[in-house]
Each structure stands twice: as C-alpha cells, then as structure tokens.
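Colleague: Next up, query-v4.json (JSON, C-alpha atoms).
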[["chain", "number", "residue", "atom", "x", "y", "z"],
["A", 1, "MET", "CA", 19.05, 121.63, 55.99],
["A", 2, "THR", "CA", 20.79, 125.01, 55.92],
["A", 3, "ILE", "CA", 22.66, 126.80, 58.70],
["A", 4, "ALA", "CA", 19.54, 128.93, 59.15],
["A", 5, "ASP", "CA", 17.83, 125.79, 60.50],
["A", 6, "LEU", "CA", 20.51, 124.91, 63.08],
["A", 7, "ASP", "CA", 20.60, 125.70, 66.77],
["A", 8, "ALA", "CA", 23.03, 128.34, 68.07],
["A", 9, "ALA", "CA", 25.86, 125.90, 68.83],
["A", 10, "ALA", "CA", 25.68, 124.07, 65.51],
["A", 11, "ARG", "CA", 25.31, 127.32, 63.56],
["A", 12, "HIS", "CA", 28.40, 128.80, 65.21],
["A", 13, "ARG", "CA", 30.35, 125.60, 64.55],
["A", 14, "ASP", "CA", 29.46, 125.76, 60.84],
["A", 15, "VAL", "CA", 30.02, 129.50, 60.41],
["A", 16, "ALA", "CA", 33.30, 129.48, 62.36],
["A", 17, "ALA", "CA", 34.54, 126.52, 60.30],
["A", 18, "GLY", "CA", 33.67, 128.39, 57.10],
["A", 19, "PHE", "CA", 35.67, 131.38, 58.32],
["A", 20, "ALA", "CA", 38.58, 129.07, 59.21],
["A", 21, "ASP", "CA", 38.44, 127.63, 55.68],
["A", 22, "VAL", "CA", 38.78, 131.14, 54.27],
["A", 23, "ILE", "CA", 41.68, 131.85, 56.67],
["A", 24, "ALA", "CA", 43.44, 128.73, 55.35],
["A", 25, "GLY", "CA", 43.37, 130.30, 51.87],
["A", 26, "VAL", "CA", 44.81, 133.68, 52.89],
["A", 27, "ASN", "CA", 48.06, 134.38, 51.07],
["A", 28, "ASP", "CA", 48.39, 138.04, 52.01],
["A", 29, "TRP", "CA", 47.38, 139.26, 55.47],
["A", 30, "ASN", "CA", 48.00, 142.84, 54.37],
["A", 31, "ALA", "CA", 45.66, 142.67, 51.38],
["A", 32, "PRO", "CA", 42.94, 145.35, 51.36],
["A", 33, "THR", "CA", 39.37, 144.27, 52.08],
["A", 34, "PRO", "CA", 35.98, 145.65, 51.05],
["A", 35, "VAL", "CA", 35.87, 147.36, 54.48],
["A", 36, "ASP", "CA", 37.45, 150.77, 53.91],
["A", 37, "GLY", "CA", 40.81, 151.03, 55.67],
["A", 38, "TRP", "CA", 40.98, 147.36, 56.71],
["A", 39, "VAL", "CA", 43.40, 144.70, 55.55],
["A", 40, "ALA", "CA", 42.77, 140.97, 55.85],
["A", 41, "ARG", "CA", 44.37, 140.75, 59.31],
["A", 42, "ASP", "CA", 41.99, 143.47, 60.56],
["A", 43, "VAL", "CA", 38.95, 141.31, 59.79],
["A", 44, "VAL", "CA", 40.22, 138.60, 62.13],
["A", 45, "ALA", "CA", 41.27, 141.17, 64.75],
["A", 46, "HIS", "CA", 37.82, 142.76, 64.66],
["A", 47, "LEU", "CA", 36.02, 139.48, 65.31],
["A", 48, "VAL", "CA", 38.40, 138.34, 68.04],
["A", 49, "ASP", "CA", 38.71, 141.69, 69.80],
["A", 50, "TRP", "CA", 35.17, 143.03, 69.79],
["A", 51, "PHE", "CA", 33.54, 139.80, 70.87],
["A", 52, "THR", "CA", 36.08, 139.09, 73.59],
["A", 53, "GLY", "CA", 35.33, 142.57, 74.93],
["A", 54, "PHE", "CA", 31.57, 142.11, 74.52],
["A", 55, "LEU", "CA", 31.62, 138.91, 76.58],
["A", 56, "ALA", "CA", 33.93, 140.40, 79.20],
["A", 57, "ALA", "CA", 31.53, 143.32, 79.67],
["A", 58, "GLY", "CA", 28.97, 140.71, 80.72],
["A", 59, "GLY", "CA", 31.40, 138.84, 82.99],
["A", 60, "VAL", "CA", 32.32, 136.01, 80.59],
["A", 61, "GLU", "CA", 36.01, 135.44, 79.90],
["A", 62, "LEU", "CA", 37.43, 133.54, 76.95],
["A", 63, "PRO", "CA", 40.78, 131.74, 77.21],
["A", 64, "ALA", "CA", 43.63, 133.77, 75.73],
["A", 65, "GLY", "CA", 45.20, 132.64, 72.50],
["A", 66, "PRO", "CA", 47.93, 133.97, 70.24],
["A", 67, "THR", "CA", 47.62, 137.57, 69.12],
["A", 68, "VAL", "CA", 46.22, 138.31, 65.70],
["A", 69, "ALA", "CA", 49.34, 140.36, 64.96],
["A", 70, "ASP", "CA", 51.55, 137.30, 65.52],
["A", 71, "ASP", "CA", 49.33, 134.48, 64.27],
["A", 72, "PRO", "CA", 45.94, 135.35, 62.74],
["A", 73, "ALA", "CA", 45.03, 131.71, 62.05],
["A", 74, "GLY", "CA", 46.04, 130.58, 65.55],
["A", 75, "ALA", "CA", 44.23, 133.51, 67.14],
["A", 76, "TRP", "CA", 41.07, 132.63, 65.24],
["A", 77, "SER", "CA", 41.34, 128.94, 66.11],
["A", 78, "ALA", "CA", 41.74, 129.65, 69.84],
["A", 79, "HIS", "CA", 38.97, 132.24, 69.83],
["A", 80, "ALA", "CA", 36.47, 130.12, 67.88],
["A", 81, "SER", "CA", 37.21, 127.12, 70.13],
["A", 82, "GLY", "CA", 36.59, 129.23, 73.23],
["A", 83, "VAL", "CA", 33.26, 130.49, 71.90],
["A", 84, "GLN", "CA", 32.25, 126.98, 70.85],
["A", 85, "ALA", "CA", 33.06, 125.65, 74.33],
["A", 86, "LEU", "CA", 30.63, 128.21, 75.77],
["A", 87, "LEU", "CA", 27.91, 127.09, 73.36],
["A", 88, "ASP", "CA", 28.52, 123.38, 73.92],
["A", 89, "GLY", "CA", 28.69, 123.67, 77.71],
["A", 90, "PRO", "CA", 26.12, 124.25, 80.43],
["A", 91, "SER", "CA", 26.78, 128.02, 80.47],
["A", 92, "ALA", "CA", 24.98, 128.28, 77.10],
["A", 93, "GLU", "CA", 21.73, 128.34, 79.08],
["A", 94, "ASP", "CA", 22.95, 130.98, 81.54],
["A", 95, "THR", "CA", 21.52, 134.47, 81.51],
["A", 96, "PHE", "CA", 24.05, 136.87, 80.04],
["A", 97, "THR", "CA", 23.67, 140.52, 80.96],
["A", 98, "HIS", "CA", 25.50, 143.11, 78.91],
["A", 99, "PRO", "CA", 25.45, 146.80, 79.91],
["A", 100, "MET", "CA", 24.41, 147.92, 76.41],
["A", 101, "ALA", "CA", 22.76, 144.85, 74.84],
["A", 102, "GLY", "CA", 20.64, 143.85, 77.81],
["A", 103, "GLU", "CA", 19.77, 140.40, 79.08],
["A", 104, "HIS", "CA", 19.81, 137.29, 76.90],
["A", 105, "ARG", "CA", 20.41, 133.58, 77.20],
["A", 106, "LEU", "CA", 24.19, 133.31, 76.53],
["A", 107, "ALA", "CA", 23.67, 131.06, 73.47],
["A", 108, "ASP", "CA", 21.21, 133.59, 72.02],
["A", 109, "ALA", "CA", 23.60, 136.50, 72.60],
["A", 110, "VAL", "CA", 26.38, 134.65, 70.77],
["A", 111, "ASP", "CA", 24.04, 133.73, 67.94],
["A", 112, "GLN", "CA", 22.37, 137.10, 67.54],
["A", 113, "PHE", "CA", 25.31, 139.44, 67.96],
["A", 114, "TYR", "CA", 28.33, 137.42, 66.92],
["A", 115, "THR", "CA", 27.72, 134.43, 64.64],
["A", 116, "ALA", "CA", 25.96, 136.64, 62.10],
["A", 117, "ASP", "CA", 28.95, 139.00, 62.15],
["A", 118, "VAL", "CA", 31.36, 136.13, 61.47],
["A", 119, "PHE", "CA", 29.13, 135.04, 58.58],
["A", 120, "MET", "CA", 29.17, 138.50, 56.97],
["A", 121, "HIS", "CA", 32.89, 139.09, 57.54],
["A", 122, "THR", "CA", 33.66, 135.75, 55.89],
["A", 123, "TRP", "CA", 32.74, 137.51, 52.65],
["A", 124, "ASP", "CA", 35.11, 140.40, 53.42],
["A", 125, "LEU", "CA", 38.06, 138.14, 54.18],
["A", 126, "ALA", "CA", 37.49, 135.95, 51.12],
["A", 127, "ARG", "CA", 37.13, 138.96, 48.82],
["A", 128, "SER", "CA", 40.45, 140.34, 50.11],
["A", 129, "GLN", "CA", 42.07, 137.29, 48.51],
["A", 130, "GLY", "CA", 40.05, 137.55, 45.30],
["A", 131, "ALA", "CA", 37.75, 134.65, 46.24],
["A", 132, "THR", "CA", 33.99, 134.53, 46.68],
["A", 133, "PRO", "CA", 32.86, 132.36, 49.60],
["A", 134, "ASP", "CA", 29.98, 129.95, 49.28],
["A", 135, "LEU", "CA", 27.70, 131.54, 51.87],
["A", 136, "ASP", "CA", 24.35, 129.96, 52.77],
["A", 137, "PRO", "CA", 21.66, 131.93, 50.92],
["A", 138, "ALA", "CA", 18.92, 130.92, 53.38],
["A", 139, "PHE", "CA", 20.88, 132.38, 56.30],
["A", 140, "ALA", "CA", 21.76, 135.47, 54.26],
["A", 141, "ALA", "CA", 18.04, 135.94, 53.54],
["A", 142, "ARG", "CA", 17.18, 135.59, 57.21],
["A", 143, "LEU", "CA", 19.81, 138.16, 58.21],
["A", 144, "LEU", "CA", 18.74, 140.57, 55.49],
["A", 145, "GLY", "CA", 15.08, 140.30, 56.48],
["A", 146, "GLY", "CA", 15.84, 140.93, 60.14],
["A", 147, "MET", "CA", 18.20, 143.81, 59.48],
["A", 148, "ALA", "CA", 15.98, 145.52, 56.93],
["A", 149, "SER", "CA", 13.29, 145.91, 59.58],
["A", 150, "ILE", "CA", 15.70, 147.91, 61.80],
["A", 151, "ASP", "CA", 17.52, 149.75, 59.02],
["A", 152, "GLU", "CA", 17.42, 153.20, 60.61],
["A", 153, "MET", "CA", 18.72, 151.93, 63.96],
["A", 154, "LEU", "CA", 21.58, 150.06, 62.25],
["A", 155, "ARG", "CA", 22.64, 153.09, 60.21],
["A", 156, "SER", "CA", 22.55, 155.38, 63.23],
["A", 157, "SER", "CA", 24.78, 152.95, 65.18],
["A", 158, "GLY", "CA", 27.71, 153.80, 62.94],
["A", 159, "GLN", "CA", 28.45, 150.10, 62.49],
["A", 160, "TYR", "CA", 27.21, 149.99, 58.90],
["A", 161, "GLY", "CA", 27.99, 152.22, 55.98],
["A", 162, "PRO", "CA", 25.48, 153.54, 53.51],
["A", 163, "LYS", "CA", 23.67, 150.92, 51.46],
["A", 164, "VAL", "CA", 25.19, 150.01, 48.12],
["A", 165, "GLU", "CA", 22.50, 149.65, 45.49],
["A", 166, "VAL", "CA", 22.45, 146.28, 43.76],
["A", 167, "PRO", "CA", 20.29, 145.10, 40.85],
["A", 168, "ASP", "CA", 16.81, 143.90, 41.80],
["A", 169, "ASP", "CA", 17.67, 140.43, 40.51],
["A", 170, "ALA", "CA", 20.94, 140.14, 42.49],
["A", 171, "ASP", "CA", 21.41, 137.01, 44.58],
["A", 172, "VAL", "CA", 20.55, 137.30, 48.26],
["A", 173, "VAL", "CA", 24.19, 137.27, 49.45],
["A", 174, "SER", "CA", 24.94, 140.23, 47.16],
["A", 175, "ARG", "CA", 21.84, 142.02, 48.45],
["A", 176, "LEU", "CA", 22.97, 141.41, 52.05],
["A", 177, "MET", "CA", 26.44, 142.73, 51.30],
["A", 178, "GLY", "CA", 24.96, 145.81, 49.62],
["A", 179, "PHE", "CA", 22.66, 146.35, 52.58],
["A", 180, "ILE", "CA", 25.58, 146.41, 55.04],
["A", 181, "GLY", "CA", 27.53, 148.83, 52.85],
["A", 182, "ARG", "CA", 29.69, 146.54, 50.73],
["A", 183, "ASP", "CA", 29.95, 146.71, 46.97],
["A", 184, "PRO", "CA", 29.26, 143.11, 45.86],
["A", 185, "ALA", "CA", 31.38, 143.78, 42.76],
["A", 186, "TRP", "CA", 34.43, 144.83, 44.84],
["A", 187, "THR", "CA", 37.66, 143.16, 43.86],
["A", 188, "PRO", "CA", 41.17, 143.67, 45.20],
["A", 189, "ALA", "CA", 43.39, 145.94, 43.15],
["A", 190, "PRO", "CA", 45.84, 144.01, 41.02],
["A", 191, "ALA", "CA", 49.33, 143.79, 42.48],
["A", 192, "GLY", "CA", 51.38, 146.51, 40.97]]
Represent the supplied structure as structure tokens.
Modeller:
Amino acid sequence: MTIADLDAAARHRDVAAGFADVIAGVNDWNAPTPVDGWVARDVVAHLVDWFTGFLAAGGVELPAGPTVADDPAGAWSAHASGVQALLDGPSAEDTFTHPMAGEHRLADAVDQFYTADVFMHTWDLARSQGATPDLDPAFAARLLGGMASIDEMLRSSGQYGPKVEVPDDADVVSRLMGFIGRDPAWTPAPAG
C-alpha cells in the first residue's frame, strides 16, 4: 500500500511525518532551496503560515505553537499536530467553506489543498540540505496526473513557475518537480 491509497487522515500523518524526518536532518536553516529566494526556514514558514490562514478564512483555528523564526522544528510539530487533530476528530466530516476555494468536507480540503503541498515541499527542504527524499512515486504520479489536467489554471494562479523540461524517461518524482517549476537536478551551491 502506498500513501496514494490512504484516507485523508492517514495520508496527512504519513506525509507530515516524512516532512518532520527531513526537518530533523536540517543543519542549516538559512540554506537556499530550489524555490527562488527561499531558504530552508521559509519552506516551513510557508506551510505553517498559508494553511493556518486558509483554515482561519473558513472559521477553523489551529492552536498556536512556537514561531518558525524561533523554532522551525517546534513550529512544524505543533502545526502538524493541530492539523492531524482536525483530521482525527469529528470535525473532519464538517463542511468547510472557504471564500475562494468553496465548500468541501474539511478532511477533503486538508487533503486536496494542503497535504499535497507538504509532500511537494518535502523535496524542496531536503534538497536545501543536499539530500533527496524518498517520496512515494504512486502519490507523485497521482498529483502529476491531476495537476496536468489543469495546467493553464495552475500557471495563471502565480503559485507555480514555468515548467522545467525533464527527460522523457525521468522518474515520476522528477517529472512532478519539473511540472511545478523545480529543476530536479538542482543542488545547493557548495559552501564557499
């Protein structure tokens, strides 16, 4: 079974734990990432900040944790635990209404808009440290298939850069990264 086969709560638990594993290996929070202008700390801040705001816009509050500036690992742990509590509790079945994203079951909103983002940013954070994460190819294929069908909408949102061409025989994680505007061959510059 792959994470693509899991329900929303179990998928988030797995993906968030994978991101936490990468956090545990971070030696330099100021290391550049494959996202232009971002350092490692910014990847964590992005995930914590945007999703906290997304939920709040629909009337769902997460418990506060440490700030990413002070404690990136602690901020992630508190944030991921808060999201998991939503998915494991009765509110997972509640209708969540967001002013821009519309109406969804809360568990589906988390899964569709957020868990996939954590999955993809796991690659960014790992690459900032010179590592390559072991991302589930079946889930990467599912994301790539879904995103490819709405390519124009994604590009016009400003959330994704131009595609990076990858060889036809590239693995599916590399193809996904290229699709969202990352160079799969990106490596951090050597310390100078």
Colleague: With all atoms of range 5-16 of chain A from the file as input, state the centre and edge lengths in Å to one decimal of the axis-aligned box that has 4 Å extra on each side, as JSON.
Modeller:
{"center_x": 25.6, "center_y": 126.8, "center_z": 64.6, "size_x": 23.5, "size_y": 13.4, "size_z": 16.4}
Colleague: Measuring atom to atom with all atoms listed in the file, identify which of A:Val43, A:Val173, A:Ala138, A:Leu62 is nearest to Ile3 in chain A.
Modeller: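 Result for the nearest residue to Ile3 in chain A: A:Ala138.
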Colleague: To one decimal in Å, tell me the separation between CA of Gly37 in chain A and CA of Gly53 in chain A.
Modeller: 21.7 Å
Colleague: Please determine, counting only C-alpha atoms, which residue among A:Gly130, A:Pro34, A:Gly82, A:Pro72 has the shortest atom-to-atom distance to Gly181 in chain A.
Modeller: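 Smallest separation from Gly181 in chain A among the options: A:Pro34.
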Colleague: Using all atoms listed in the file, pick whichever of A:Thr67, A:Thr187, A:Ser157, A:Thr52 has the shortest atom-to-atom distance to Gln129 in chain A.
Modeller: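 Nearest to Gln129 in chain A: A:Thr187.
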Colleague: Can you list, as a VMD selection string, every protein, DNA or RNA residue that comes within 10 Å of Val68 in chain A when you count only C-alpha atoms, leaving out same-chain residues fewer than 5 positions away?
Modeller: chain A and resid 41 to 46 48 to 49 73 to 76
Colleague: Please provide the set of residues having any atom within 7 Å of Pro32 in chain A, restricted to all atoms listed in the file, with same-chain residues fewer than 5 positions apart removed, written as a ChimeraX atom specification.
Modeller: /A:38-40,128,188
Colleague: Please compute the CA of Val164 in chain A-CA of Ile180 in chain A distance, one decimal, in Å.
Modeller: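 Spanning CA of Val164 in chain A to CA of Ile180 in chain A is a straight-line distance of 7.8 Å.
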Colleague: So how many Å separate CA of Tyr114 in chain A and CA of Gln159 in chain A, to one decimal?
Modeller: 13.4 Å
